Each structure stands twice: as structure tokens, then as C-alpha cells.
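Chemist: There's a structure below that I have some questions on.
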Amino acid sequence: MNAIDFAGRVHAHFDRVCNHLLDELAPGEELTLNLNAEDTLFVRFNGNRVRQNTDVEQLNLSLRLQSQGRTVEKSRTLTGNFEADQAATACLLSQCRQEALVLPIDPNQVPIQNNGSSNEEFRGALLAPEQVVAAVGEPAEGCDLAGLYAGGTVIRANRNSKGQSHWFATETFFLDYSIYNGPKAAKGSYAGSRWSAAEWAANLARSKTLLQLLSQPQQDVKPGAYRSYLAPRALSDLVGMLGWNALSASAWKQGRSPFKKLAEKELRLSPLLSIDENFALGLTPRFNSLGEVSASTLPLIRDGALQTLLVNSRTAKEYGLEANGANESEGPRALDVRPGSLQQADILRELGTGLYLSNLHYLNWSDPVSARVTGMTRYACFWVEDGEIVGPIRDLRWDESLYSALGSKLMALTAQAEIDPAVDTYYQRALGGSRTPGALIDGFTFTL
């Protein structure tokens with residue numbers, strides 16, 4: 001089914017189901033409804049051949065009922081058949097009512113309000129299903145390519161009993177892949193809303209170059225502090241830790257934010273660093289599960305100084321703050337790190353002698369109080385001497401404070417930035433992601 005047909009059919013079905021449920025509400029009841037839907041083609045490659053090929057169409061509806069100061073939320077999948085879904089969702093509403101009778105009153109309940117209406121649809125130019133295998137595989141002929149292509153329409157929608165109505169549909173794809181030379185691998189990703197054979201060829205060529213460099217003799221790098229270049233994907237991995245309570249207002253108020261000292265102006269990051277929550281990237285809708293709409297661009301860090309934390313309505317009510325449209329987890333959904341001035345051609349020269357890191361993984365807080373993060377290098381990572389790549393390194397464990405890595409040790413950011421989309425497919429295709437440049441960091445600390 002083409003994207004226009006799918007989105008139109010789902011929109012009509014969602015409205016019909018919502019209208020029925022909203023008409024069934026009793027006095028004193030308020031209801032919020034959220035829809036997650038997708039029509040996605042998944043093609044998994046192994047050895048540059050198709051390993052699995054499937055098309056997933058799914059709709060999931062969640063109900064949040066408020067009654068007498070109590071809140072109950074339940075969800076279920078929809079069939080797309082109105083009579084079946086009418087009966088199933090009526091049963092779900094009944095279950096919410098029964099559960100609400102035995103719950104205590106919630107003192108921080110956020111009243112359901114009308115936050116307005118919006119309708120955004122982003123049309124793409126994706127490969128037809130019958131084109132995918134050739135479009136991906138033919139340029140990679142001769143490569144041991146493994147990865148996942150996912151492309152199609154993803155929908156988020158919200159309505160409530162106060163008249164609020166939001167609709168977001170986007171047509172996108174991603175190809176998350178690795179190419180192998182025996183046990184060695186270079187990882188890449190290509191994503192967007194319009195497939196371009198030229199862009200895919202250039203993307204693959206960069207990964208092939210990295211894989212060729214992995215054939216050089218492995219370098220023995222001892223633990224220590226080294227000047228390091230984090231490619232955009234690696235920096236995306238690092239700043240992704242900001243979504244683990246660092247920018248959460250509730251975490252700050254509860255004393256568990258790694259950026260507590262930043263929030264309280266005791267410390268600041270590098271003046272080179274500015275970060276926004278930027279919904280203009282089109283990676284995810286501006287509205288959250290309550291239907292509250294965030295500003296198109298929300299400054300988080302400006303020239304190293306914290307501008308605002310992410311505050312949802314519940315946190316705002318509990319701590320007397322002003323909400324800014326954050327989601328329940330108060331994590332960034334469209335993180336945008338402003339680029340710097342370091343040109344691509346100058347990266348190795350400015351790095352001089354040190355480490356070139358393409359990817360990081362297994363990140364976690366090692367000491368949240370000092371915003372210290374630990375992780376491993378991964379895939380195509382190299383030792384560089386006098387501006388020349390000498391050879392690959394074995395995987396290393398690193399441990400570094402964000403106050404240092406994004407503060408006093410941050411030397412430069414590249415002038416080019418790359419989008420790193422969310423590629424999670426557990427239960428459903430994820431929305432969101434980040435845009436990051438590369439980063440040159442002095443004295444990045446490696447421990448094992």
C-alpha cells in the first residue's frame with residue numbers, strides 16, 4: 001500500500017474510533033488517546049544477500065483515563081476493522097474505569113487540557129519494495145554486507161476529550177549496516193526521506209575505505225590519555241548520554257542528575273558547545289503524549305552554559321517549574337549539536353598523533369555525580385601519527401567526564417554535521433535521533 005493510502009486510511013479510522021470513545025465518556029471523566037502506527041518494509045541482509053524480508057503494518061492505541069483525581073492508562077493493538085476495534089476499545093475503557101475505582105488520588109495529576117491542533121505530513125521518495133534488494137545490493141557486490149533496511153510510513157497521533165487533535169506522519173527509511181573483512185568490520189548508516197543512488201554509493205565508499213584501513217597492522221595502544229577525534233556517529237553516542245537524566249528537570253530536583261553542577265551554575269562546558277532540541281529536523285513530532293507542543297527549537301546549552309532543562313507538566317506541577325513540552329522521560333528527542341569550523345580535510349592534520357574513533361558502544365555512567373561516562377571503542381578505530389593513519393587498534397575501554405570531554409578538553413567541532421536517526425525496531429520503528437558534528441578532544445582517557 002502506498003504511503004498516502006495508508007496514512008489516509010489510518011487517519012480516518014483513528015478519528016472514527018476516537019469519536020466513539022469520546023462519546024461514551026461519563027460526567028467527570030476525561031480521556032487522552034495516542035496512536036502509534038506504521039507500514040514498514042523490513043529487509044535484513046547477510047553476506048550481501050537477503051536473509052529476511054517482511055512487511056509490517058500495525059496500529060497501537062493507548063487510552064489515558066482521568067476520573068476523580070485518578071489516572072489509568074492502557075493500550076492495545078487495533079485491527080483496522082471498525083466494528084472489531086469499537087468493541088475492543090470499549091472493553092479497554094471499561095477496564096480503565098474499574099481500575100480507577102481502587103487507585104489512590106494522584107496529587108500531581110496533570111489535568112487534561114486543549115493544547116490546540118496540528119497536522120504535519122512529510123512525504124518522501126522511497127524505493128518501491130521490488131527495488132530495494134537491487135538498490136542496496138548491487139553497489140555492494142563483492143562486499144560482505146550485513147544490515148537492516150527499514151522504510152515506510154510512521155504515524156503518531158493524539159486526541160483528547162477537550163477537543164485537542166494532533167497528527168504526524170512521515171515517510172522515511174534507514175539502512176543500518178556493516179561491511180566485514182573476516183572478523184574486522186566498518187559500520188555505516190544511510191537514512192533519509194528520499195533514496196539517492198549517488199548518496200548511497202558515496203556512503204558505502206567511505207565505509208569501504210575504512211575497511212581497507214583495517215587491513216593495516218594492528219597497533220598496540222596502552223592505557224592513557226590521548227588526543228582523540230570522535231567522528232559524528234561517535235559523538236552522537238557520547239551526547240546520547242544526555243538523555244540518561246542529564247537534562248531532566250525531575251532528576252535535577254531529586255538530586256540524581258549528572259548535570260547538577262551545570263544546572264546550578266557551578267560548572268560550565270566548552271564555549272564551543274551549543275546544543276538545541278530541534279524539531280525542525282523533522283525526526284519526530286513536536287507534541288508529546290499529553291498533546292503538549294514544544295517550541296520548534298529549544299536552546300539547551302549555549303556557548304557551554306545550560307539554558308534550560310527539559311520539563312514535563314508533571315514535574316512542573318510537583319516542583320513549581322514551567323513546562324516546556326518535554327516527554328515523560330524528560331529526554332531529548334531531536335538533539336542538535338551546532339557545528340564548528342574544523343574542515344573535513346584538516347581533521348587528521350589537527351589530530352596529529354592520537355586516536356580516530358568512528359564508533360563508541362556499551363556506554364554507561366561510571367560516576368553520575370561527576371558526569372563520568374565509560375564505554376568501549378568499536379568498529380573502525382585507528383592510531384594516527386603525524387596526521388597519517390597508521391593502523392587499527394584493538395577495542396579499548398575509556399572513562400571520561402562530560403565536564404572535561406565537552407568542556408576544557410574540547411578543542412574543535414567539525415563544520416559538517418550528520419544526522420544519526422533512531423534505528424530501534426523493538427515493538428515498533430522508533431522516531432527521533434540527533435544531528436552531530438565530529439569532535440576533537442584533547443587527553444581523552446583510556447583505562448583498559
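Numbering starts fresh at 1 for the residues of each chain in the C-alpha cells, the chains themselves are lettered A, B, ... in the order given, and ligands are numbered from 1 as they appear.
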Pick out each residue of region 89-160 of chain A that DSSP on the backbone tags as strand (DSSP E or B); I need them as a PyMOL selection string.
Modeler: chain A and resi 117-122+125+144-160
Chemist: If you run DSSP on the backbone, which residues of region 114-179 of chain A are helix (DSSP H, G or I), as a PyMOL selection string?
Modeler: chain A and resi 129-137
Chemist: Using only C-alpha atoms, find the one residue out of A:Glu171, A:Glu29, A:Asp23, A:Asp85 that sits nearest to Leu127 (chain A).
Modeler: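 Between A:Glu171, A:Glu29, A:Asp23, A:Asp85, the residue approaching Leu127 (chain A) most closely is A:Glu171.
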Chemist: Pick out the closest residue to Pro339 (chain A) from this set: A:Trp365, A:Leu355, A:Ser274, A:Cys381. Count only C-alpha atoms.
Modeler: A:Ser274
Chemist: Counting only C-alpha atoms, what is within 10 Å of Arg206 (chain A), bar same-chain residues fewer than 3 positions away, as a PyMOL selection string?
Modeler: chain A and resi 186-188+201-203+209-211
Chemist: When distances are computed from only C-alpha atoms, which of A:Phe42, A:Tyr403, A:Tyr379, A:Phe14 shows the smallest separation from Leu214 (chain A)?
Modeler: A:Tyr379
